[in-house]
file entry06.txt (compact mmCIF, C-alpha atoms)
# COMPACT_ATOMS: atom_id res chain seq x y z
CA ASP A 1168 165.21 -111.36 29.75
CA LEU A 1169 166.48 -112.77 33.04
CA ARG A 1170 163.73 -111.01 35.01
CA CYS A 1171 161.17 -112.42 32.59
CA ARG A 1172 162.46 -115.98 33.09
CA VAL A 1173 162.60 -115.60 36.88
CA GLY A 1174 159.07 -114.20 36.90
CA LEU A 1175 157.75 -117.15 34.88
CA MET A 1176 159.45 -119.57 37.26
CA ALA A 1177 157.90 -117.75 40.21
CA ARG A 1178 154.43 -118.01 38.62
CA ALA A 1179 154.92 -121.74 38.09
CA LEU A 1180 155.95 -122.25 41.72
CA MET A 1181 152.94 -120.24 42.92
CA ALA A 1182 150.64 -122.55 40.98
CA MET A 1183 152.46 -125.75 41.99
CA GLY A 1184 152.57 -124.97 45.70
CA PRO A 1185 148.90 -125.68 46.53
CA ILE A 1186 148.90 -128.73 44.24
CA VAL A 1187 151.93 -130.24 45.95
CA ILE A 1188 150.51 -129.55 49.42
CA ALA A 1189 147.18 -131.11 48.48
CA ALA A 1190 148.84 -134.14 46.84
CA LEU A 1191 151.12 -134.82 49.79
CA GLN A 1192 148.48 -133.83 52.35
CA LEU A 1193 151.04 -131.79 54.21
CA ASP A 1194 150.07 -130.35 57.57
CA PRO A 1195 152.14 -127.21 58.22
CA MET A 1196 151.08 -127.11 61.90
CA PRO A 1197 152.84 -129.45 64.39
CA ARG A 1198 150.64 -131.83 66.34
CA VAL A 1199 151.21 -130.09 69.69
CA ALA A 1200 150.48 -126.67 68.21
CA ARG A 1201 147.33 -128.00 66.57
CA ALA A 1202 146.11 -129.44 69.87
CA THR A 1203 146.75 -126.12 71.60
CA ALA A 1204 144.96 -124.19 68.86
CA THR A 1205 142.01 -126.58 68.96
CA SER A 1206 141.72 -126.16 72.71
CA THR A 1207 141.90 -122.37 72.43
CA VAL A 1208 139.25 -122.25 69.72
CA ASN A 1209 137.03 -124.58 71.72
CA ASP A 1210 137.33 -122.35 74.81
CA VAL A 1211 136.62 -119.13 72.94
CA ILE A 1212 133.89 -119.93 70.42
CA GLY A 1213 133.20 -123.60 70.87
CA PHE A 1214 134.78 -126.17 68.59
CA SER A 1215 131.44 -127.29 67.19
CA ALA A 1216 130.71 -123.72 66.09
CA PHE A 1217 134.10 -123.55 64.39
CA VAL A 1218 133.46 -126.80 62.51
CA ALA A 1219 130.05 -125.60 61.42
CA ALA A 1220 131.49 -122.32 60.17
CA ARG A 1221 134.21 -124.18 58.29
CA ARG A 1222 131.66 -126.44 56.62
CA VAL A 1223 129.93 -123.35 55.26
CA GLY A 1224 132.99 -121.22 54.55
CA VAL A 1225 135.17 -123.70 52.69
CA PRO A 1226 132.56 -124.50 49.99
CA LEU A 1227 131.83 -120.80 49.59
CA VAL A 1228 135.52 -120.08 49.03
CA GLY A 1229 135.65 -122.93 46.53
CA TRP A 1230 132.66 -121.63 44.60
CA LEU A 1231 134.13 -118.12 44.66
CA TRP A 1232 137.38 -119.44 43.16
CA LEU A 1233 135.46 -121.39 40.51
CA GLY A 1234 133.51 -118.23 39.68
CA GLY A 1235 136.74 -116.29 39.11
CA VAL A 1236 138.13 -119.13 36.97
CA SER A 1237 134.92 -119.17 34.91
CA ILE A 1238 135.17 -115.45 34.25
CA GLY A 1239 138.81 -115.87 33.24
CA LEU A 1240 137.94 -118.70 30.84
CA TRP A 1241 135.13 -116.62 29.36
CA ARG A 1242 137.55 -113.76 28.72
CA LEU A 1243 140.03 -116.18 27.16
CA VAL A 1244 137.36 -117.50 24.80
CA ARG A 1245 136.42 -113.94 23.83
CA GLN A 1246 140.06 -113.10 23.12
CA TRP A 1247 140.47 -116.27 21.07
CA GLN A 1248 137.36 -115.39 19.05
CA ARG A 1249 138.77 -111.93 18.42
CA LEU A 1250 142.06 -113.46 17.31
CA SER A 1251 140.18 -115.80 14.99
CA GLN A 1252 138.42 -112.78 13.50
CA TYR A 1253 141.77 -111.14 12.88
CA GLU A 1254 142.97 -114.29 11.13
CA ARG A 1255 139.86 -114.52 8.94
CA THR A 1256 140.20 -110.92 7.80
CA ALA A 1257 143.97 -111.12 7.27
CA VAL A 1258 145.36 -110.41 3.82
CA PRO A 1259 148.81 -111.79 2.91
CA ALA A 1260 151.51 -109.18 2.36
CA PRO A 1261 153.11 -108.73 -1.07
CA GLU A 1262 155.87 -111.14 -2.02
CA ALA A 1263 158.60 -108.49 -1.65
CA GLU A 1264 157.61 -107.85 1.98
CA GLN A 1265 157.42 -111.57 2.67
CA ARG A 1266 160.99 -111.94 1.43
CA MET A 1267 162.10 -109.07 3.67
CA VAL A 1268 160.52 -110.79 6.69
CA ALA A 1269 162.25 -114.04 5.74
CA GLU A 1270 165.61 -112.24 5.64
CA LEU A 1271 165.01 -110.60 9.01
CA ALA A 1272 163.92 -113.95 10.46
CA ALA A 1273 167.08 -115.64 9.19
CA ALA A 1274 169.17 -112.93 10.87
CA LEU A 1275 167.50 -113.85 14.17
CA ASN A 1276 168.12 -117.58 13.58
CA ILE A 1277 164.42 -118.34 13.12
CA SER A 1278 164.26 -121.53 11.08
CA GLN A 1279 160.49 -121.89 10.73
CA PRO A 1280 158.57 -119.97 8.05
CA VAL A 1281 156.88 -116.73 9.15
CA ARG A 1282 153.83 -115.22 7.47
CA LEU A 1283 153.21 -111.49 7.18
CA CYS A 1284 149.60 -110.35 6.88
CA TYR A 1285 147.54 -107.18 7.14
CA SER A 1286 144.13 -106.72 8.71
CA ARG A 1287 141.78 -103.80 9.20
CA ALA A 1288 140.43 -105.41 12.36
CA CYS A 1289 143.63 -105.07 14.42
CA ALA A 1290 144.95 -101.77 15.75
CA ILE A 1291 148.49 -102.78 16.74
CA PRO A 1292 151.11 -105.22 15.41
CA MET A 1293 150.85 -108.68 16.92
CA VAL A 1294 152.08 -112.24 16.57
CA PHE A 1295 149.98 -115.39 16.81
CA GLY A 1296 150.48 -119.02 15.98
CA TRP A 1297 153.09 -121.53 17.01
CA ARG A 1298 153.93 -123.97 14.22
CA LEU A 1299 153.23 -121.37 11.55
CA PRO A 1300 153.70 -118.01 13.29
CA THR A 1301 152.03 -115.01 11.69
CA ILE A 1302 152.88 -111.34 12.07
CA LEU A 1303 149.69 -109.33 11.74
CA LEU A 1304 149.95 -105.61 11.01
CA PRO A 1305 147.23 -102.95 10.79
CA ALA A 1306 146.16 -102.41 7.20
CA ASP A 1307 147.06 -98.70 7.32
CA ILE A 1308 150.45 -99.11 8.97
CA HIS A 1309 152.26 -97.82 5.87
CA ASP A 1310 150.42 -94.51 6.37
CA VAL A 1311 151.80 -94.35 9.92
CA LEU A 1312 155.35 -95.67 9.63
CA PRO A 1313 158.03 -95.16 6.99
CA ALA A 1314 160.01 -98.17 5.79
CA ALA A 1315 162.87 -97.80 8.30
CA GLN A 1316 160.52 -97.63 11.28
CA LEU A 1317 158.43 -100.53 9.99
CA ARG A 1318 161.57 -102.64 9.77
CA GLY A 1319 162.24 -102.06 13.47
CA VAL A 1320 158.66 -103.04 14.34
CA LEU A 1321 159.02 -106.24 12.32
CA GLN A 1322 162.23 -107.08 14.16
CA HIS A 1323 160.40 -106.62 17.45
CA GLU A 1324 157.62 -109.00 16.38
CA LEU A 1325 160.16 -111.50 15.09
CA ALA A 1326 161.86 -111.37 18.47
CA HIS A 1327 158.58 -112.62 20.00
CA ILE A 1328 158.72 -115.57 17.60
CA ARG A 1329 162.38 -116.21 18.38
CA ARG A 1330 161.56 -116.30 22.11
CA HIS A 1331 158.46 -118.54 21.59
CA ASP A 1332 156.38 -115.95 23.42
CA PHE A 1333 153.01 -117.01 21.96
CA PRO A 1334 152.88 -120.48 23.59
CA ILE A 1335 154.56 -119.16 26.72
CA ASN A 1336 151.93 -116.43 26.98
CA LEU A 1337 149.14 -119.02 26.64
CA TRP A 1338 150.68 -120.91 29.55
CA GLN A 1339 150.93 -117.67 31.50
CA VAL A 1340 147.29 -116.83 30.81
CA GLY A 1341 146.33 -120.24 32.18
CA LEU A 1342 148.21 -119.48 35.40
CA ASP A 1343 146.55 -116.05 35.53
CA ILE A 1344 143.16 -117.74 35.42
CA LEU A 1345 144.03 -120.20 38.19
CA LEU A 1346 145.66 -117.56 40.41
CA TRP A 1347 143.25 -114.70 39.75
CA PHE A 1348 142.80 -114.13 43.49
CA HIS A 1349 146.53 -113.80 44.23
CA PRO A 1350 147.72 -110.14 44.25
CA ALA A 1351 151.41 -111.11 44.18
CA ALA A 1352 150.82 -113.44 41.25
CA ARG A 1353 149.01 -110.72 39.33
CA TRP A 1354 151.85 -108.27 39.98
CA VAL A 1355 154.47 -110.79 38.83
CA SER A 1356 152.42 -111.45 35.69
CA ARG A 1357 152.34 -107.75 34.81
CA GLN A 1358 156.09 -107.50 35.34
CA VAL A 1359 156.73 -110.55 33.14
CA ARG A 1360 154.71 -109.05 30.30
CA ALA A 1361 156.54 -105.72 30.59
CA ASP A 1362 159.95 -107.43 30.69
CA ARG A 1363 158.96 -109.55 27.68
CA GLU A 1364 158.35 -106.42 25.62
CA PHE A 1365 161.59 -104.84 26.83
CA SER A 1366 163.49 -107.99 25.84
CA CYS A 1367 162.04 -107.84 22.34
CA ASP A 1368 162.98 -104.15 22.16
CA ASP A 1369 166.54 -105.10 23.08
CA MET A 1370 166.64 -107.79 20.39
CA ALA A 1371 165.30 -105.38 17.78
CA LEU A 1372 167.95 -102.80 18.65
CA ALA A 1373 170.66 -105.48 18.70
CA SER A 1374 169.61 -106.44 15.16
CA GLY A 1375 170.71 -103.06 13.89
CA THR A 1376 167.66 -100.83 14.32
CA ASP A 1377 168.55 -97.23 15.08
CA THR A 1378 167.46 -96.23 18.58
CA ALA A 1379 165.87 -92.92 17.60
CA THR A 1380 164.10 -94.49 14.60
CA TYR A 1381 162.72 -97.24 16.79
CA ALA A 1382 161.55 -94.80 19.46
CA HIS A 1383 159.73 -92.73 16.83
CA ALA A 1384 158.07 -95.90 15.52
CA LEU A 1385 156.76 -96.83 18.96
CA ALA A 1386 155.47 -93.29 19.54
CA ALA A 1387 153.75 -93.24 16.14
CA LEU A 1388 152.03 -96.59 16.79
CA ASP A 1389 150.86 -95.38 20.19
CA ASP A 1390 149.45 -92.19 18.69
CA ALA A 1391 147.70 -94.13 15.93
CA ARG A 1392 146.10 -96.48 18.45
CA ASP A 1393 144.73 -93.55 20.49
CA GLU A 1394 143.13 -91.93 17.46

call {"tool": "encode", "arguments": {"input": "entry06.txt", "output": "structure tokens"}}
result
Amino acid sequence: DLRCRVGLMARALMAMGPIVIAALQLDPMPRVARATATSTVNDVIGFSAFVAARRVGVPLVGWLWLGGVSIGLWRLVRQWQRLSQYERTAVPAPEAEQRMVAELAAALNISQPVRLCYSRACAIPMVFGWRLPTILLPADIHDVLPAAQLRGVLQHELAHIRRHDFPINLWQVGLDILLWFHPAARWVSRQVRADREFSCDDMALASGTDTATYAHALAALDDARDE
């Protein structure tokens, strides 16, 4: 959980750095060093040639960045459409299962109501929504997991709700789109997502789920997704 928080803070600083520099118009090069560099460039390639190359290169870099952002936004829209499809095809769970989810949510100090739904369109358990969070399970999950294993999976998904991971992930996706060109930012993002899942695993096990039962549940879900 600590690594996840540190990673999110690092992503925020990576995104804020260029904005702060641009807003303050900071010049990282001292005046004397800039004069020396200008003189050297002028002697080697001619300063006018350098200015001309910069006039062409800077817009190209800007358009390249905008192209990457556009692709990222297009992917985000596609994912949102897929999520909307899941929501349209979702079927509410029986009342007994809804009560079980409410009890598990209360044990995790989740005050807001949580819906439990099933959908044939999704292949893995997931959580979406902020004000009214919804746990969406594959329609055939009862054929894959017995009751004890399903309980551990529900505790994992409830941990995402307890940590407010859905809105945080939207914010993270926005940073991913802006920093698509940054290899360190992409690596940190992958680590944050992995640590987020590990943190939810820890919360599920701390809620009383047996370790072996939970491990078998994860293996069964992975096998079912590959089929």

call {"tool": "residues_around", "arguments": {"input": "entry06.txt", "residues": "Leu1303 in chain A", "least_positions_apart": "5", "cutoff": "8 Å", "atoms": "all atoms listed in the file", "output": "ChimeraX atom specification"}}
result
/A:1257,1283-1286,1289,1292-1295

call {"tool": "write_last_selection", "arguments": {"input": "entry06.txt", "atoms": "C-alpha atoms", "output": "mmCIF file, keeping the file's coordinate frame"}}
result
data_model
loop_
_atom_site.group_PDB
_atom_site.id
_atom_site.type_symbol
_atom_site.label_atom_id
_atom_site.label_comp_id
_atom_site.auth_asym_id
_atom_site.auth_seq_id
_atom_site.Cartn_x
_atom_site.Cartn_y
_atom_site.Cartn_z
ATOM 1 C CA ALA A 1257 143.970 -111.120 7.270
ATOM 2 C CA LEU A 1283 153.210 -111.490 7.180
ATOM 3 C CA CYS A 1284 149.600 -110.350 6.880
ATOM 4 C CA TYR A 1285 147.540 -107.180 7.140
ATOM 5 C CA SER A 1286 144.130 -106.720 8.710
ATOM 6 C CA CYS A 1289 143.630 -105.070 14.420
ATOM 7 C CA PRO A 1292 151.110 -105.220 15.410
ATOM 8 C CA MET A 1293 150.850 -108.680 16.920
ATOM 9 C CA VAL A 1294 152.080 -112.240 16.570
ATOM 10 C CA PHE A 1295 149.980 -115.390 16.810
#

call {"tool": "closest_residue", "arguments": {"input": "entry06.txt", "among": "A:Ile1328, A:Leu1385, A:Leu1243, A:Ala1306", "to": "Met1370 in chain A", "atoms": "only C-alpha atoms"}}
result
A:Ile1328

call {"tool": "closest_atom_pairs", "arguments": {"input": "entry06.txt", "of": "range 1229-1307 of chain A", "to": "range 1346-1353 of chain A", "cutoff": "8 Å", "atoms": "only C-alpha atoms", "output": "JSON lines"}}
result
{"residue": "A:Trp1232", "atom": "CA", "partner": "A:Phe1348", "partner_atom": "CA", "distance": 7.6}
{"residue": "A:Gly1235", "atom": "CA", "partner": "A:Trp1347", "partner_atom": "CA", "distance": 6.7}
{"residue": "A:Val1236", "atom": "CA", "partner": "A:Trp1347", "partner_atom": "CA", "distance": 7.3}
{"residue": "A:Gly1239", "atom": "CA", "partner": "A:Trp1347", "partner_atom": "CA", "distance": 8.0}

call {"tool": "write_last_selection", "arguments": {"input": "entry06.txt", "atoms": "C-alpha atoms", "output": "PDB file, in the frame of the given file"}}
result
ATOM      1  CA  TRP A1232     137.380-119.440  43.160  1.00  0.00           C
ATOM      2  CA  GLY A1235     136.740-116.290  39.110  1.00  0.00           C
ATOM      3  CA  VAL A1236     138.130-119.130  36.970  1.00  0.00           C
ATOM      4  CA  GLY A1239     138.810-115.870  33.240  1.00  0.00           C
TER       5      GLY A1239
END

call {"tool": "closest_residue", "arguments": {"input": "entry06.txt", "among": "A:Arg1318, A:Arg1329, A:Arg1287, A:Arg1198", "to": "Thr1380 in chain A", "atoms": "all atoms listed in the file"}}
result
A:Arg1318

call {"tool": "atom_distance", "arguments": {"input": "entry06.txt", "atom1": "CA of Ala1314 in chain A", "atom2": "CA of Ala1361 in chain A"}}
result
26.2 Å

call {"tool": "atom_distance", "arguments": {"input": "entry06.txt", "atom1": "CA of Leu1191 in chain A", "atom2": "CA of Arg1172 in chain A"}}
result
27.6 Å

call {"tool": "closest_residue", "arguments": {"input": "entry06.txt", "among": "A:Pro1280, A:Trp1297, A:Arg1178, A:Ala1391", "to": "Gly1341 in chain A", "atoms": "all atoms listed in the file"}}
result
A:Arg1178

call {"tool": "closest_residue", "arguments": {"input": "entry06.txt", "among": "A:Thr1256, A:Gln1339, A:Ser1356, A:Thr1376", "to": "Gln1316 in chain A", "atoms": "all atoms listed in the file"}}
result
A:Thr1376

call {"tool": "residues_around", "arguments": {"input": "entry06.txt", "residues": "Arg1298 in chain A", "least_positions_apart": "6", "cutoff": "12 Å", "atoms": "only C-alpha atoms", "output": "PyMOL selection string"}}
result
chain A and resi 1277-1282+1328+1331+1333-1334

call {"tool": "residues_around", "arguments": {"input": "entry06.txt", "residues": "Asp1332 in chain A", "least_positions_apart": "2", "cutoff": "12 Å", "atoms": "all atoms listed in the file", "output": "JSON, numbers by chain"}}
result
{"A": [1168, 1171, 1172, 1175, 1293, 1294, 1295, 1296, 1297, 1300, 1323, 1324, 1325, 1326, 1327, 1328, 1329, 1330, 1334, 1335, 1336, 1337, 1338, 1339, 1340, 1359, 1360, 1362, 1363, 1364, 1366, 1367]}

call {"tool": "write_last_selection", "arguments": {"input": "entry06.txt", "atoms": "C-alpha atoms", "output": "mmCIF file, in the frame of the given file"}}
result
data_model
loop_
_atom_site.group_PDB
_atom_site.id
_atom_site.type_symbol
_atom_site.label_atom_id
_atom_site.label_comp_id
_atom_site.auth_asym_id
_atom_site.auth_seq_id
_atom_site.Cartn_x
_atom_site.Cartn_y
_atom_site.Cartn_z
ATOM 1 C CA ASP A 1168 165.210 -111.360 29.750
ATOM 2 C CA CYS A 1171 161.170 -112.420 32.590
ATOM 3 C CA ARG A 1172 162.460 -115.980 33.090
ATOM 4 C CA LEU A 1175 157.750 -117.150 34.880
ATOM 5 C CA MET A 1293 150.850 -108.680 16.920
ATOM 6 C CA VAL A 1294 152.080 -112.240 16.570
ATOM 7 C CA PHE A 1295 149.980 -115.390 16.810
ATOM 8 C CA GLY A 1296 150.480 -119.020 15.980
ATOM 9 C CA TRP A 1297 153.090 -121.530 17.010
ATOM 10 C CA PRO A 1300 153.700 -118.010 13.290
ATOM 11 C CA HIS A 1323 160.400 -106.620 17.450
ATOM 12 C CA GLU A 1324 157.620 -109.000 16.380
ATOM 13 C CA LEU A 1325 160.160 -111.500 15.090
ATOM 14 C CA ALA A 1326 161.860 -111.370 18.470
ATOM 15 C CA HIS A 1327 158.580 -112.620 20.000
ATOM 16 C CA ILE A 1328 158.720 -115.570 17.600
ATOM 17 C CA ARG A 1329 162.380 -116.210 18.380
ATOM 18 C CA ARG A 1330 161.560 -116.300 22.110
ATOM 19 C CA PRO A 1334 152.880 -120.480 23.590
ATOM 20 C CA ILE A 1335 154.560 -119.160 26.720
ATOM 21 C CA ASN A 1336 151.930 -116.430 26.980
ATOM 22 C CA LEU A 1337 149.140 -119.020 26.640
ATOM 23 C CA TRP A 1338 150.680 -120.910 29.550
ATOM 24 C CA GLN A 1339 150.930 -117.670 31.500
ATOM 25 C CA VAL A 1340 147.290 -116.830 30.810
ATOM 26 C CA VAL A 1359 156.730 -110.550 33.140
ATOM 27 C CA ARG A 1360 154.710 -109.050 30.300
ATOM 28 C CA ASP A 1362 159.950 -107.430 30.690
ATOM 29 C CA ARG A 1363 158.960 -109.550 27.680
ATOM 30 C CA GLU A 1364 158.350 -106.420 25.620
ATOM 31 C CA SER A 1366 163.490 -107.990 25.840
ATOM 32 C CA CYS A 1367 162.040 -107.840 22.340
#

call {"tool": "atom_distance", "arguments": {"input": "entry06.txt", "atom1": "CA of Leu1227 in chain A", "atom2": "CA of Ala1204 in chain A"}}
result
23.6 Å

call {"tool": "closest_residue", "arguments": {"input": "entry06.txt", "among": "A:Gln1322, A:Pro1197, A:Ala1290, A:Leu1345", "to": "Asp1390 in chain A", "atoms": "all atoms listed in the file"}}
result
A:Ala1290

call {"tool": "axis_aligned_box", "arguments": {"input": "entry06.txt", "around": "range 1248-1253 of chain A", "padding_each_side": "3 Å", "output": "lines of an AutoDock Vina configuration file"}}
result
center_x = 139.7
center_y = -113.5
center_z = 16.0
size_x = 10.7
size_y = 10.7
size_z = 12.2

call {"tool": "closest_residue", "arguments": {"input": "entry06.txt", "among": "A:Ala1182, A:Ala1288, A:Ala1177, A:Val1187", "to": "Val1258 in chain A", "atoms": "all atoms listed in the file"}}
result
A:Ala1288

call {"tool": "decode", "arguments": {"input": "entry06.txt", "residues": "range 1233-1308 of chain A", "atoms": "C-alpha atoms", "output": "PDB file, in the first residue's frame"}}
result
ATOM      1  CA  LEU A1233      -0.710  15.343 -29.420  1.00  0.00           C
ATOM      2  CA  GLY A1234      -0.921  12.256 -31.621  1.00  0.00           C
ATOM      3  CA  GLY A1235      -0.027  10.004 -28.685  1.00  0.00           C
ATOM      4  CA  VAL A1236      -2.557  11.799 -26.470  1.00  0.00           C
ATOM      5  CA  SER A1237      -5.238  11.346 -29.145  1.00  0.00           C
ATOM      6  CA  ILE A1238      -4.574   7.620 -29.333  1.00  0.00           C
ATOM      7  CA  GLY A1239      -4.738   7.398 -25.542  1.00  0.00           C
ATOM      8  CA  LEU A1240      -8.063   9.256 -25.463  1.00  0.00           C
ATOM      9  CA  TRP A1241      -9.431   6.998 -28.197  1.00  0.00           C
ATOM     10  CA  ARG A1242      -8.491   3.929 -26.163  1.00  0.00           C
ATOM     11  CA  LEU A1243     -10.095   5.461 -23.076  1.00  0.00           C
ATOM     12  CA  VAL A1244     -13.334   6.055 -24.972  1.00  0.00           C
ATOM     13  CA  ARG A1245     -13.299   2.465 -26.223  1.00  0.00           C
ATOM     14  CA  GLN A1246     -12.781   1.157 -22.689  1.00  0.00           C
ATOM     15  CA  TRP A1247     -15.580   3.364 -21.394  1.00  0.00           C
ATOM     16  CA  GLN A1248     -17.906   2.065 -24.122  1.00  0.00           C
ATOM     17  CA  ARG A1249     -17.008  -1.490 -23.160  1.00  0.00           C
ATOM     18  CA  LEU A1250     -17.714  -0.697 -19.520  1.00  0.00           C
ATOM     19  CA  SER A1251     -21.060   0.812 -20.498  1.00  0.00           C
ATOM     20  CA  GLN A1252     -21.866  -2.401 -22.362  1.00  0.00           C
ATOM     21  CA  TYR A1253     -21.083  -4.396 -19.249  1.00  0.00           C
ATOM     22  CA  GLU A1254     -23.406  -2.163 -17.243  1.00  0.00           C
ATOM     23  CA  ARG A1255     -26.244  -2.480 -19.774  1.00  0.00           C
ATOM     24  CA  THR A1256     -26.037  -6.268 -19.761  1.00  0.00           C
ATOM     25  CA  ALA A1257     -25.663  -6.545 -15.979  1.00  0.00           C
ATOM     26  CA  VAL A1258     -28.246  -8.527 -14.037  1.00  0.00           C
ATOM     27  CA  PRO A1259     -28.675  -7.811 -10.299  1.00  0.00           C
ATOM     28  CA  ALA A1260     -27.666 -10.646  -7.984  1.00  0.00           C
ATOM     29  CA  PRO A1261     -30.269 -12.384  -5.801  1.00  0.00           C
ATOM     30  CA  GLU A1262     -31.241 -10.680  -2.566  1.00  0.00           C
ATOM     31  CA  ALA A1263     -29.372 -13.218  -0.417  1.00  0.00           C
ATOM     32  CA  GLU A1264     -26.096 -12.474  -2.214  1.00  0.00           C
ATOM     33  CA  GLN A1265     -26.716  -8.742  -1.966  1.00  0.00           C
ATOM     34  CA  ARG A1266     -27.092  -9.098   1.799  1.00  0.00           C
ATOM     35  CA  MET A1267     -23.841 -11.070   1.969  1.00  0.00           C
ATOM     36  CA  VAL A1268     -22.027  -8.286   0.091  1.00  0.00           C
ATOM     37  CA  ALA A1269     -23.533  -5.718   2.459  1.00  0.00           C
ATOM     38  CA  GLU A1270     -22.217  -7.676   5.444  1.00  0.00           C
ATOM     39  CA  LEU A1271     -18.752  -7.975   3.930  1.00  0.00           C
ATOM     40  CA  ALA A1272     -18.784  -4.262   3.095  1.00  0.00           C
ATOM     41  CA  ALA A1273     -19.720  -3.363   6.664  1.00  0.00           C
ATOM     42  CA  ALA A1274     -16.791  -5.455   7.926  1.00  0.00           C
ATOM     43  CA  LEU A1275     -14.486  -3.313   5.780  1.00  0.00           C
ATOM     44  CA  ASN A1276     -16.078  -0.085   7.070  1.00  0.00           C
ATOM     45  CA  ILE A1277     -17.657   0.732   3.705  1.00  0.00           C
ATOM     46  CA  SER A1278     -20.589   3.011   4.462  1.00  0.00           C
ATOM     47  CA  GLN A1279     -21.952   3.495   0.943  1.00  0.00           C
ATOM     48  CA  PRO A1280     -24.247   0.902  -0.662  1.00  0.00           C
ATOM     49  CA  VAL A1281     -22.603  -1.605  -3.020  1.00  0.00           C
ATOM     50  CA  ARG A1282     -24.396  -3.383  -5.852  1.00  0.00           C
ATOM     51  CA  LEU A1283     -23.598  -6.922  -6.965  1.00  0.00           C
ATOM     52  CA  CYS A1284     -24.387  -7.821 -10.572  1.00  0.00           C
ATOM     53  CA  TYR A1285     -23.625 -10.538 -13.106  1.00  0.00           C
ATOM     54  CA  SER A1286     -22.875 -10.158 -16.796  1.00  0.00           C
ATOM     55  CA  ARG A1287     -22.060 -12.542 -19.617  1.00  0.00           C
ATOM     56  CA  ALA A1288     -20.027  -9.829 -21.320  1.00  0.00           C
ATOM     57  CA  CYS A1289     -17.251  -9.662 -18.699  1.00  0.00           C
ATOM     58  CA  ALA A1290     -14.639 -12.373 -18.197  1.00  0.00           C
ATOM     59  CA  ILE A1291     -13.193 -11.336 -14.827  1.00  0.00           C
ATOM     60  CA  PRO A1292     -14.557  -9.723 -11.644  1.00  0.00           C
ATOM     61  CA  MET A1293     -14.371  -5.947 -11.674  1.00  0.00           C
ATOM     62  CA  VAL A1294     -15.547  -2.832  -9.866  1.00  0.00           C
ATOM     63  CA  PHE A1295     -16.858   0.340 -11.460  1.00  0.00           C
ATOM     64  CA  GLY A1296     -18.677   3.398 -10.252  1.00  0.00           C
ATOM     65  CA  TRP A1297     -17.910   5.915  -7.553  1.00  0.00           C
ATOM     66  CA  ARG A1298     -21.046   7.154  -5.799  1.00  0.00           C
ATOM     67  CA  LEU A1299     -22.809   3.834  -6.325  1.00  0.00           C
ATOM     68  CA  PRO A1300     -20.012   1.275  -6.748  1.00  0.00           C
ATOM     69  CA  THR A1301     -20.908  -1.962  -8.493  1.00  0.00           C
ATOM     70  CA  ILE A1302     -19.165  -5.311  -8.315  1.00  0.00           C
ATOM     71  CA  LEU A1303     -19.599  -7.077 -11.638  1.00  0.00           C
ATOM     72  CA  LEU A1304     -18.994 -10.815 -11.811  1.00  0.00           C
ATOM     73  CA  PRO A1305     -18.993 -13.175 -14.802  1.00  0.00           C
ATOM     74  CA  ALA A1306     -22.363 -14.868 -15.181  1.00  0.00           C
ATOM     75  CA  ASP A1307     -20.825 -18.350 -14.912  1.00  0.00           C
ATOM     76  CA  ILE A1308     -18.621 -17.637 -11.907  1.00  0.00           C
TER      77      ILE A1308
END
